[in-house]
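As provided, my_file04.json (JSON, C-alpha atoms) reads as follows.
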```json
[["chain", "number", "residue", "atom", "x", "y", "z"],
["A", 230, "LYS", "CA", 132.47, 111.63, 146.33],
["A", 231, "ASN", "CA", 133.38, 114.25, 143.81],
["A", 232, "ASN", "CA", 130.10, 115.90, 142.88],
["A", 233, "ILE", "CA", 130.49, 118.61, 140.26],
["A", 234, "PRO", "CA", 127.27, 120.59, 139.77],
["A", 235, "PHE", "CA", 126.43, 121.42, 136.20],
["A", 236, "GLN", "CA", 123.86, 123.83, 134.88],
["A", 237, "ILE", "CA", 122.31, 123.01, 131.52],
["A", 238, "THR", "CA", 120.53, 125.74, 129.59],
["A", 239, "LEU", "CA", 118.45, 124.82, 126.54],
["A", 240, "LEU", "CA", 116.52, 127.26, 124.36],
["A", 241, "SER", "CA", 114.32, 125.82, 121.63],
["A", 242, "ASN", "CA", 112.36, 127.67, 118.96],
["A", 243, "GLU", "CA", 110.15, 126.62, 116.05],
["A", 244, "PHE", "CA", 108.64, 128.80, 113.34],
["A", 245, "ASN", "CA", 106.25, 127.60, 110.61],
["A", 246, "GLN", "CA", 105.00, 129.51, 107.62],
["A", 247, "GLN", "CA", 102.66, 128.47, 104.82],
["A", 248, "ARG", "CA", 101.26, 130.25, 101.81],
["A", 249, "GLY", "CA", 99.24, 129.10, 98.84],
["A", 250, "GLY", "CA", 96.72, 129.98, 96.22],
["A", 251, "SER", "CA", 94.61, 128.48, 93.47],
["A", 252, "VAL", "CA", 92.78, 129.46, 90.29],
["A", 253, "TYR", "CA", 89.63, 127.53, 89.41],
["A", 254, "TYR", "CA", 87.58, 127.39, 86.21],
["A", 255, "GLY", "CA", 84.45, 125.28, 85.90],
["A", 256, "LYS", "CA", 82.17, 124.63, 82.93],
["A", 257, "LYS", "CA", 78.79, 122.93, 82.85],
["A", 258, "TRP", "CA", 78.05, 121.68, 79.35],
["A", 259, "SER", "CA", 74.63, 121.68, 77.72],
["A", 260, "ASN", "CA", 74.38, 117.88, 78.00],
["A", 261, "GLY", "CA", 74.77, 118.03, 81.81],
["A", 262, "ASN", "CA", 78.44, 117.07, 81.92],
["A", 263, "ASN", "CA", 80.96, 119.09, 83.97],
["A", 264, "SER", "CA", 84.61, 120.07, 83.46],
["A", 265, "VAL", "CA", 86.97, 121.74, 85.92],
["A", 266, "ILE", "CA", 90.51, 123.10, 85.53],
["A", 267, "THR", "CA", 92.45, 124.00, 88.70],
["A", 268, "VAL", "CA", 95.92, 125.57, 89.05],
["A", 269, "THR", "CA", 97.47, 125.56, 92.56],
["A", 270, "HIS", "CA", 100.59, 126.76, 94.35],
["A", 271, "SER", "CA", 101.66, 125.92, 97.93],
["A", 272, "ARG", "CA", 104.85, 126.68, 99.87],
["A", 273, "PHE", "CA", 105.61, 125.55, 103.44],
["A", 274, "THR", "CA", 108.69, 126.27, 105.57],
["A", 275, "LYS", "CA", 109.65, 125.05, 109.03],
["A", 276, "SER", "CA", 112.62, 126.46, 110.99],
["A", 277, "THR", "CA", 113.78, 125.05, 114.31],
["A", 278, "SER", "CA", 116.74, 125.98, 116.50],
["A", 279, "ASP", "CA", 118.23, 124.57, 119.71],
["A", 280, "ASP", "CA", 120.85, 126.47, 121.75],
["A", 281, "LEU", "CA", 122.53, 124.29, 124.37],
["A", 282, "GLU", "CA", 125.01, 125.45, 127.05],
["A", 283, "THR", "CA", 126.54, 123.49, 129.93],
["A", 284, "GLU", "CA", 128.38, 125.31, 132.74],
["A", 285, "ASN", "CA", 130.31, 124.13, 135.78],
["A", 286, "ILE", "CA", 128.68, 126.28, 138.46],
["A", 287, "ARG", "CA", 131.58, 125.78, 140.89],
["A", 288, "THR", "CA", 134.27, 127.03, 138.51],
["A", 289, "GLY", "CA", 132.15, 129.12, 136.14],
["A", 290, "LYS", "CA", 133.66, 127.26, 133.20],
["A", 291, "ILE", "CA", 131.44, 126.78, 130.16],
["A", 292, "ASN", "CA", 132.11, 123.29, 128.82],
["A", 293, "ASN", "CA", 130.21, 123.56, 125.57],
["A", 294, "ARG", "CA", 127.87, 125.86, 123.73],
["A", 295, "ASN", "CA", 126.20, 124.49, 120.62],
["A", 296, "ARG", "CA", 123.57, 125.75, 118.24],
["A", 297, "ASP", "CA", 121.57, 123.34, 116.06],
["A", 298, "THR", "CA", 119.33, 124.75, 113.33],
["A", 299, "LEU", "CA", 117.08, 122.85, 110.96],
["A", 300, "GLU", "CA", 115.16, 124.24, 108.00],
["A", 301, "ASN", "CA", 112.59, 122.34, 105.94],
["A", 302, "LEU", "CA", 111.00, 123.55, 102.69],
["A", 303, "ALA", "CA", 108.07, 121.92, 100.85],
["A", 304, "LEU", "CA", 106.89, 123.34, 97.53],
["A", 305, "GLU", "CA", 104.08, 122.13, 95.28],
["A", 306, "ASN", "CA", 102.66, 123.44, 91.99],
["A", 307, "SER", "CA", 99.95, 121.64, 90.04],
["A", 308, "ILE", "CA", 97.52, 121.88, 87.14],
["A", 309, "ARG", "CA", 94.57, 119.46, 87.15],
["A", 310, "ASN", "CA", 91.62, 118.69, 84.89],
["A", 311, "GLU", "CA", 88.54, 116.84, 86.20],
["A", 312, "ASN", "CA", 85.51, 115.81, 84.16],
["A", 313, "THR", "CA", 82.17, 114.23, 85.12],
["A", 314, "PHE", "CA", 79.97, 112.48, 82.55],
["A", 315, "THR", "CA", 76.37, 111.41, 83.18],
["A", 316, "LEU", "CA", 75.54, 108.01, 81.66],
["A", 317, "LEU", "CA", 72.40, 105.96, 81.27],
["A", 318, "ASN", "CA", 70.44, 104.61, 84.25],
["A", 319, "GLY", "CA", 71.96, 107.16, 86.64],
["A", 320, "ASN", "CA", 75.51, 105.84, 86.20],
["A", 321, "GLN", "CA", 78.38, 108.31, 86.25],
["A", 322, "LEU", "CA", 81.89, 108.39, 84.81],
["A", 323, "GLU", "CA", 84.71, 110.56, 86.13],
["A", 324, "ALA", "CA", 87.99, 111.08, 84.28],
["A", 325, "GLY", "CA", 90.87, 113.53, 84.28],
["A", 326, "GLY", "CA", 94.58, 114.11, 84.63],
["A", 327, "GLY", "CA", 97.25, 116.64, 85.34],
["A", 328, "LEU", "CA", 100.79, 117.53, 86.33],
["A", 329, "TYR", "CA", 102.42, 117.94, 89.76],
["A", 330, "LEU", "CA", 105.75, 119.64, 90.50],
["A", 331, "ASN", "CA", 107.21, 119.04, 93.99],
["A", 332, "LYS", "CA", 110.41, 120.16, 95.68],
["A", 333, "THR", "CA", 111.62, 119.75, 99.26],
["A", 334, "SER", "CA", 114.87, 120.51, 101.05],
["A", 335, "ILE", "CA", 116.35, 119.84, 104.50],
["A", 336, "THR", "CA", 119.18, 122.04, 105.78],
["A", 337, "ALA", "CA", 120.86, 121.06, 109.05],
["A", 338, "ILE", "CA", 123.56, 123.18, 110.70],
["A", 339, "ASN", "CA", 125.37, 122.17, 113.89],
["A", 340, "LYS", "CA", 127.80, 124.83, 115.15],
["A", 341, "GLY", "CA", 130.07, 124.74, 118.18],
["A", 342, "LEU", "CA", 130.18, 128.31, 119.47],
["A", 343, "LEU", "CA", 133.30, 127.68, 121.56],
["A", 344, "ASP", "CA", 135.34, 126.13, 118.77],
["A", 345, "SER", "CA", 135.42, 125.95, 115.00],
["A", 346, "THR", "CA", 133.26, 122.83, 114.70],
["A", 347, "LEU", "CA", 130.69, 123.27, 111.94],
["A", 348, "ILE", "CA", 128.48, 120.67, 110.28],
["A", 349, "ASP", "CA", 126.41, 122.10, 107.44],
["A", 350, "THR", "CA", 124.40, 119.77, 105.20],
["A", 351, "THR", "CA", 121.62, 120.41, 102.69],
["A", 352, "ASN", "CA", 119.61, 117.65, 101.04],
["A", 353, "THR", "CA", 117.31, 118.56, 98.15],
["A", 354, "PHE", "CA", 114.61, 116.31, 96.71],
["A", 355, "GLN", "CA", 112.39, 117.12, 93.75],
["A", 356, "ASN", "CA", 110.16, 115.42, 91.23],
["A", 357, "SER", "CA", 107.52, 116.03, 88.60],
["A", 358, "ARG", "CA", 104.82, 113.56, 87.72],
["A", 359, "LEU", "CA", 101.97, 113.17, 85.26],
["A", 360, "TYR", "CA", 98.79, 111.40, 86.27],
["A", 361, "SER", "CA", 95.46, 110.36, 84.82],
["A", 362, "TYR", "CA", 92.46, 108.58, 86.29],
["A", 363, "ILE", "CA", 89.08, 107.12, 85.43],
["A", 364, "GLN", "CA", 86.29, 106.04, 87.78],
["A", 365, "GLU", "CA", 82.80, 104.75, 87.09],
["A", 366, "SER", "CA", 79.87, 104.64, 89.48],
["A", 367, "ILE", "CA", 77.25, 102.01, 88.60],
["A", 368, "HIS", "CA", 74.03, 100.71, 90.18],
["A", 369, "PRO", "CA", 73.56, 97.02, 89.20],
["A", 370, "PHE", "CA", 70.28, 97.12, 91.13],
["A", 371, "LYS", "CA", 68.40, 99.57, 93.31],
["A", 372, "ASP", "CA", 70.19, 99.29, 96.66],
["A", 373, "LEU", "CA", 73.75, 98.59, 95.47],
["A", 374, "GLU", "CA", 76.31, 101.16, 94.31],
["A", 375, "ILE", "CA", 79.74, 100.11, 93.05],
["A", 376, "LYS", "CA", 82.58, 102.50, 92.27],
["A", 377, "ALA", "CA", 85.55, 101.13, 90.36],
["A", 378, "GLY", "CA", 88.52, 103.23, 89.30],
["A", 379, "PHE", "CA", 92.07, 103.24, 88.12],
["A", 380, "ARG", "CA", 94.80, 105.85, 88.48],
["A", 381, "VAL", "CA", 98.20, 105.84, 86.82],
["A", 382, "ASN", "CA", 101.15, 108.09, 87.75],
["A", 383, "PHE", "CA", 104.31, 108.57, 85.72],
["A", 384, "LEU", "CA", 107.25, 109.75, 87.84],
["A", 385, "LEU", "CA", 109.50, 111.68, 85.46],
["A", 386, "PRO", "CA", 112.84, 111.60, 87.39],
["A", 387, "VAL", "CA", 112.94, 107.79, 87.38],
["A", 388, "LYS", "CA", 110.74, 107.30, 84.25],
["A", 389, "LYS", "CA", 108.51, 104.79, 86.02],
["A", 390, "PHE", "CA", 104.76, 104.10, 86.09],
["A", 391, "PHE", "CA", 102.80, 103.59, 89.32],
["A", 392, "PHE", "CA", 99.36, 101.95, 89.04],
["A", 393, "GLU", "CA", 96.58, 102.42, 91.60],
["A", 394, "PRO", "CA", 93.43, 100.29, 91.16],
["A", 395, "ARG", "CA", 90.56, 101.02, 93.58],
["A", 396, "ILE", "CA", 87.07, 99.64, 94.18],
["A", 397, "SER", "CA", 84.31, 100.33, 96.69],
["A", 398, "ALA", "CA", 80.76, 99.12, 97.25],
["A", 399, "SER", "CA", 77.79, 100.33, 99.29],
["A", 400, "TYR", "CA", 74.71, 98.19, 99.88],
["A", 401, "LYS", "CA", 71.51, 99.34, 101.59],
["A", 402, "VAL", "CA", 70.47, 96.34, 103.68],
["A", 403, "ALA", "CA", 67.48, 98.11, 105.32],
["A", 404, "LYS", "CA", 65.77, 101.48, 105.30],
["A", 405, "ASN", "CA", 68.43, 103.19, 107.45],
["A", 406, "PHE", "CA", 71.36, 100.76, 107.30],
["A", 407, "LYS", "CA", 74.19, 100.50, 104.77],
["A", 408, "LEU", "CA", 77.12, 98.11, 104.42],
["A", 409, "ASN", "CA", 80.33, 99.60, 103.00],
["A", 410, "ALA", "CA", 83.57, 98.03, 101.77],
["A", 411, "ALA", "CA", 86.56, 99.37, 99.86],
["A", 412, "TRP", "CA", 90.03, 98.34, 98.70],
["A", 413, "GLY", "CA", 92.75, 100.32, 96.96],
["A", 414, "LEU", "CA", 96.44, 100.86, 96.32],
["A", 415, "TYR", "CA", 97.93, 104.29, 97.03],
["A", 416, "ASP", "CA", 101.29, 105.90, 96.20],
["A", 417, "GLN", "CA", 102.49, 109.03, 97.98],
["A", 418, "PHE", "CA", 105.13, 111.16, 96.25],
["A", 419, "ILE", "CA", 105.54, 113.86, 98.91],
["A", 420, "TYR", "CA", 105.37, 112.84, 102.57],
["A", 421, "LYS", "CA", 106.83, 113.32, 106.06],
["A", 422, "VAL", "CA", 109.77, 111.42, 107.54],
["A", 423, "ALA", "CA", 110.83, 111.20, 111.18],
["A", 424, "ASN", "CA", 113.99, 113.16, 111.98],
["A", 425, "VAL", "CA", 115.77, 112.18, 115.23],
["A", 426, "ASP", "CA", 118.37, 114.60, 116.63],
["A", 427, "ARG", "CA", 121.31, 113.91, 118.96],
["A", 428, "ASP", "CA", 119.03, 114.11, 122.03],
["A", 429, "GLN", "CA", 116.49, 111.64, 120.57],
["A", 430, "ASN", "CA", 113.94, 114.37, 119.88],
["A", 431, "TYR", "CA", 111.59, 113.69, 116.97],
["A", 432, "THR", "CA", 110.70, 116.22, 114.27],
["A", 433, "TYR", "CA", 108.68, 115.34, 111.18],
["A", 434, "LEU", "CA", 110.00, 116.76, 107.92],
["A", 435, "TRP", "CA", 108.67, 116.88, 104.36],
["A", 436, "VAL", "CA", 110.55, 115.00, 101.63],
["A", 437, "THR", "CA", 109.78, 114.28, 97.99],
["A", 438, "ALA", "CA", 110.14, 110.89, 96.29],
["A", 439, "SER", "CA", 113.03, 110.93, 93.83],
["A", 440, "ASP", "CA", 116.09, 108.87, 92.92],
["A", 441, "LYS", "CA", 117.24, 109.50, 96.53],
["A", 442, "MET", "CA", 113.97, 108.79, 98.36],
["A", 443, "PRO", "CA", 111.52, 105.93, 97.68],
["A", 444, "VAL", "CA", 107.83, 106.32, 96.90],
["A", 445, "LEU", "CA", 105.60, 105.65, 99.91],
["A", 446, "LYS", "CA", 103.30, 102.74, 98.98],
["A", 447, "ALA", "CA", 100.18, 101.62, 100.83],
["A", 448, "SER", "CA", 97.31, 99.16, 100.55],
["A", 449, "HIS", "CA", 93.99, 99.94, 102.27],
["A", 450, "LEU", "CA", 91.17, 97.49, 103.04],
["A", 451, "VAL", "CA", 88.14, 98.86, 104.92],
["A", 452, "GLY", "CA", 84.65, 97.64, 105.71],
["A", 453, "GLY", "CA", 81.82, 98.66, 107.99],
["A", 454, "ILE", "CA", 78.17, 99.38, 108.68],
["A", 455, "GLY", "CA", 76.37, 102.67, 109.07],
["A", 456, "TYR", "CA", 73.02, 103.93, 110.35],
["A", 457, "PHE", "CA", 71.57, 107.07, 108.77],
["A", 458, "SER", "CA", 68.43, 109.06, 109.54],
["A", 459, "ASP", "CA", 67.37, 112.64, 108.92],
["A", 460, "ASP", "CA", 69.28, 114.00, 111.92],
["A", 461, "PHE", "CA", 71.38, 111.14, 113.32],
["A", 462, "THR", "CA", 74.34, 109.18, 111.94],
["A", 463, "VAL", "CA", 76.39, 106.32, 113.38],
["A", 464, "ASN", "CA", 79.19, 104.60, 111.47],
["A", 465, "PHE", "CA", 81.47, 101.69, 112.43],
["A", 466, "GLU", "CA", 84.38, 100.93, 110.11],
["A", 467, "GLY", "CA", 87.24, 98.46, 110.46],
["A", 468, "TYR", "CA", 90.46, 98.80, 108.49],
["A", 469, "TYR", "CA", 93.67, 96.96, 107.65],
["A", 470, "LYS", "CA", 96.51, 98.94, 106.04],
["A", 471, "THR", "CA", 100.05, 98.09, 105.01],
["A", 472, "THR", "CA", 102.67, 100.74, 104.24],
["A", 473, "ARG", "CA", 106.08, 100.28, 102.64],
["A", 474, "ASN", "CA", 109.16, 102.55, 102.49],
["A", 475, "LEU", "CA", 108.66, 104.42, 105.76],
["A", 476, "THR", "CA", 111.74, 106.56, 106.38],
["A", 477, "ARG", "CA", 113.61, 107.76, 109.47],
["A", 478, "ARG", "CA", 116.67, 110.07, 109.58],
["A", 479, "VAL", "CA", 118.78, 109.59, 112.71],
["A", 480, "TYR", "CA", 121.65, 111.85, 113.84],
["A", 481, "GLN", "CA", 124.19, 109.57, 115.47],
["A", 482, "SER", "CA", 127.84, 109.21, 116.37],
["A", 483, "ARG", "CA", 129.78, 106.11, 115.40],
["A", 484, "PHE", "CA", 133.36, 105.00, 114.90],
["A", 485, "ILE", "CA", 134.70, 104.64, 111.37],
["A", 486, "ASP", "CA", 138.32, 103.41, 111.19],
["A", 487, "SER", "CA", 138.84, 104.31, 114.88],
["A", 488, "ARG", "CA", 137.58, 107.84, 114.21],
["A", 489, "LEU", "CA", 134.41, 109.24, 115.80],
["A", 490, "VAL", "CA", 132.10, 110.57, 113.08],
["A", 491, "ASN", "CA", 128.83, 112.50, 113.55],
["A", 492, "GLU", "CA", 126.44, 111.91, 110.68],
["A", 493, "VAL", "CA", 122.80, 111.52, 109.67],
["A", 494, "THR", "CA", 121.89, 107.94, 108.74],
["A", 495, "THR", "CA", 118.70, 107.05, 106.87],
["A", 496, "TYR", "CA", 116.70, 103.92, 107.72],
["A", 497, "TRP", "CA", 113.77, 102.37, 105.82],
["A", 498, "GLY", "CA", 111.05, 100.04, 107.03],
["A", 499, "ASP", "CA", 107.52, 98.72, 106.53],
["A", 500, "ALA", "CA", 104.41, 98.84, 108.71],
["A", 501, "LYS", "CA", 100.94, 97.39, 109.08],
["A", 502, "SER", "CA", 98.03, 98.75, 111.07],
["A", 503, "TYR", "CA", 94.50, 97.65, 111.81],
["A", 504, "GLY", "CA", 91.68, 98.95, 113.94],
["A", 505, "LEU", "CA", 88.18, 100.33, 114.24],
["A", 506, "ASP", "CA", 86.86, 103.85, 113.61],
["A", 507, "VAL", "CA", 83.58, 104.99, 115.20],
["A", 508, "PHE", "CA", 81.76, 108.15, 114.13],
["A", 509, "VAL", "CA", 78.57, 109.61, 115.68],
["A", 510, "LYS", "CA", 76.80, 112.81, 114.55],
["A", 511, "LYS", "CA", 73.58, 114.50, 115.71],
["A", 512, "ASP", "CA", 72.00, 117.42, 113.84],
["A", 513, "PHE", "CA", 70.05, 120.21, 115.51],
["A", 514, "GLY", "CA", 68.57, 122.38, 112.79],
["A", 515, "ARG", "CA", 71.50, 124.11, 111.12],
["A", 516, "HIS", "CA", 73.94, 122.92, 113.79],
["A", 517, "SER", "CA", 75.67, 119.57, 114.35],
["A", 518, "VAL", "CA", 77.46, 117.85, 117.20],
["A", 519, "TRP", "CA", 79.74, 114.95, 116.36],
["A", 520, "ALA", "CA", 82.35, 112.72, 117.97],
["A", 521, "SER", "CA", 84.78, 110.11, 116.66],
["A", 522, "TYR", "CA", 86.93, 107.43, 118.26],
["A", 523, "SER", "CA", 89.68, 105.25, 116.81],
["A", 524, "LEU", "CA", 90.96, 102.01, 118.28],
["A", 525, "SER", "CA", 94.09, 100.91, 116.44]]
```
Let me see the structure of the file written as structure tokens.
Amino acid sequence: KNNIPFQITLLSNEFNQQRGGSVYYGKKWSNGNNSVITVTHSRFTKSTSDDLETENIRTGKINNRNRDTLENLALENSIRNENTFTLLNGNQLEAGGGLYLNKTSITAINKGLLDSTLIDTTNTFQNSRLYSYIQESIHPFKDLEIKAGFRVNFLLPVKKFFFEPRISASYKVAKNFKLNAAWGLYDQFIYKVANVDRDQNYTYLWVTASDKMPVLKASHLVGGIGYFSDDFTVNFEGYYKTTRNLTRRVYQSRFIDSRLVNEVTTYWGDAKSYGLDVFVKKDFGRHSVWASYSLS
């Protein structure tokens, strides 16, 4: 047997930083209607590094010494207008719109400290989108509330519309019991993807939908029953959700024309999930104790 003892030293670091701010202006009109204008800014950065060294303890020879660094930036600016209109019979109409500006970047550097090997890649994703929405809350009769709405997004880089209809209903079946149901389509234009490094470690990174990255699309169907009293709440809600365009970036080695190439490959896939959410809350004066459980 020829046992050669190796010592592996790994040093990992992660640093996250976030900053943001908003300016808000609200106006209540003489007829009871409300208008709000909000301007926001948010900036998030994540930096990770892995230093790996392998040494033959018997000979003292260092076989490799690598440093992997990964930086992720997510930036969002927005201006939004929201309006609430009071209608007849207690019905309510909400409408508004705005503009979002998003930018993300992923910088990956792999450097061999014992040789001249250097892999340095930066991927930048950015988009801007306009949106508008309208939602009406109506009460066909005393114990039934229905909310129906529609949202439309226009993604400027690809000049494409995305439509999001939504509807929900709540019916009071008894003094303290309510039935709830809702359905809607949702598009996500900035989201996290799974990043898998050479050692199969997972890191989740922000990306922005653009001509390089697809829009994350989902359909949600939920329904449940709830009990409500002055100081006690119990809610059971089942859900079924489908999601398209999930993304995973995998660092891998493969042979191309008999040559070993290290590269990041992007994979896309779809998912579906279903389950039950349980929520319980008890109030004690100005204090509350609550617990939730999800089976999915």
(request) Report the distance between atom CA of Val509 of chain A and atom CA of Pro369 of chain A in Å, rounded to one decimal place. (result)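 Computing the Euclidean distance for atom CA of Val509 of chain A and atom CA of Pro369 of chain A yields 29.7 Å.
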(request) Return the single residue from A:Gly255, A:Pro443, A:Gly378, A:Gly319 that is closest to Ser397 of chain A, with distances computed using all atoms listed in the file. (result) A:Gly378
(request) In Å, rounded to a single decimal, give me how far atom CA of Thr437 of chain A is from atom CA of Gly327 of chain A. (result)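 Value for the atom CA of Gly327 of chain A-atom CA of Thr437 of chain A distance: 18.0 Å.
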(request) Compile the contact shell of segment 466-481 of chain A as a ChimeraX atom specification: residues with an atom at most 7 Å away, counting only C-alpha atoms, same-chain residues fewer than 6 positions apart removed. (result) /A:422-427,443-454,491-507
(request) For atom CA of Trp435 of chain A and atom CA of Tyr420 of chain A, quote the distance in Å rounded to one decimal. (result)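 These two atoms are separated by 5.5 Å.
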(request) Please provide as a VMD selection string all residues within 9 Å of Phe391 of chain A, with the sequence filter that same-chain residues fewer than 6 positions apart are discarded (counting all atoms listed in the file). (result) chain A and resid 380 to 384 416
(message) When you count all atoms listed in the file, which of these residues is closest to Thr288 of chain A: A:Gly249, A:Pro234, A:His270, A:Ile396?
(response)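 Of A:Gly249, A:Pro234, A:His270, A:Ile396, the one nearest Thr288 of chain A, counting all atoms listed in the file, is A:Pro234.
Considering all atoms listed in the file, the residue among A:Thr283, A:Ser523, A:Ile363, A:Asn356 positioned nearest to Pro394 of chain A is A:Ile363.
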(request) Name the residues in contact with Gly250 of chain A at a cut-off of 10 Å, using all atoms listed in the file, excluding same-chain residues fewer than 3 positions from it; report them as JSON, numbers by chain. (result) {"A": [268, 269, 270, 271, 272, 306]}
(request) Find, counting all atoms listed in the file, the residue in A:Leu408, A:Val265, A:Ile419, A:Ile237 that gets nearest to Thr313 of chain A. (result)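 Once distances to Thr313 of chain A are computed over all atoms listed in the file, the minimum belongs to A:Val265.
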(message) So that I can see what lies close to Ala337 of chain A, please list as a PyMOL selection string the residues with an atom at most 9 Å from it, counting all atoms listed in the file and leaving out residues fewer than 6 positions away in the same chain.
(response) chain A and resi 297-301+348-352
(message) I'd like the neighbourhood of Val387 of chain A as a PyMOL selection string, where a residue qualifies if any of its atoms comes within 12 Å (using all atoms listed in the file), though same-chain residues fewer than 6 positions away should be ignored.
(response) chain A and resi 355-358+438-444
(request) In the coordinate frame of the file, compute which residues have an atom within 10 Å of (95.1, 122.8, 79.3) when using all atoms listed in the file, and state them as a PyMOL selection string. (result) chain A and resi 266-267+308-310+327
(request) Measuring atom to atom with all atoms listed in the file, identify which of A:Phe418, A:Phe314, A:Tyr431, A:Tyr362 is nearest to Tyr329 of chain A. (result)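 Closest to Tyr329 of chain A of all the choices is A:Phe418.
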Centre, edges in Å (one decimal): axis-aligned box, segment 293-301 of chain A, 6 Å padding on all six sides, as AutoDock Vina command-line options:
```
--center_x 121.4 --center_y 124.1 --center_z 115.8 --size_x 29.6 --size_y 15.5 --size_z 31.6
```
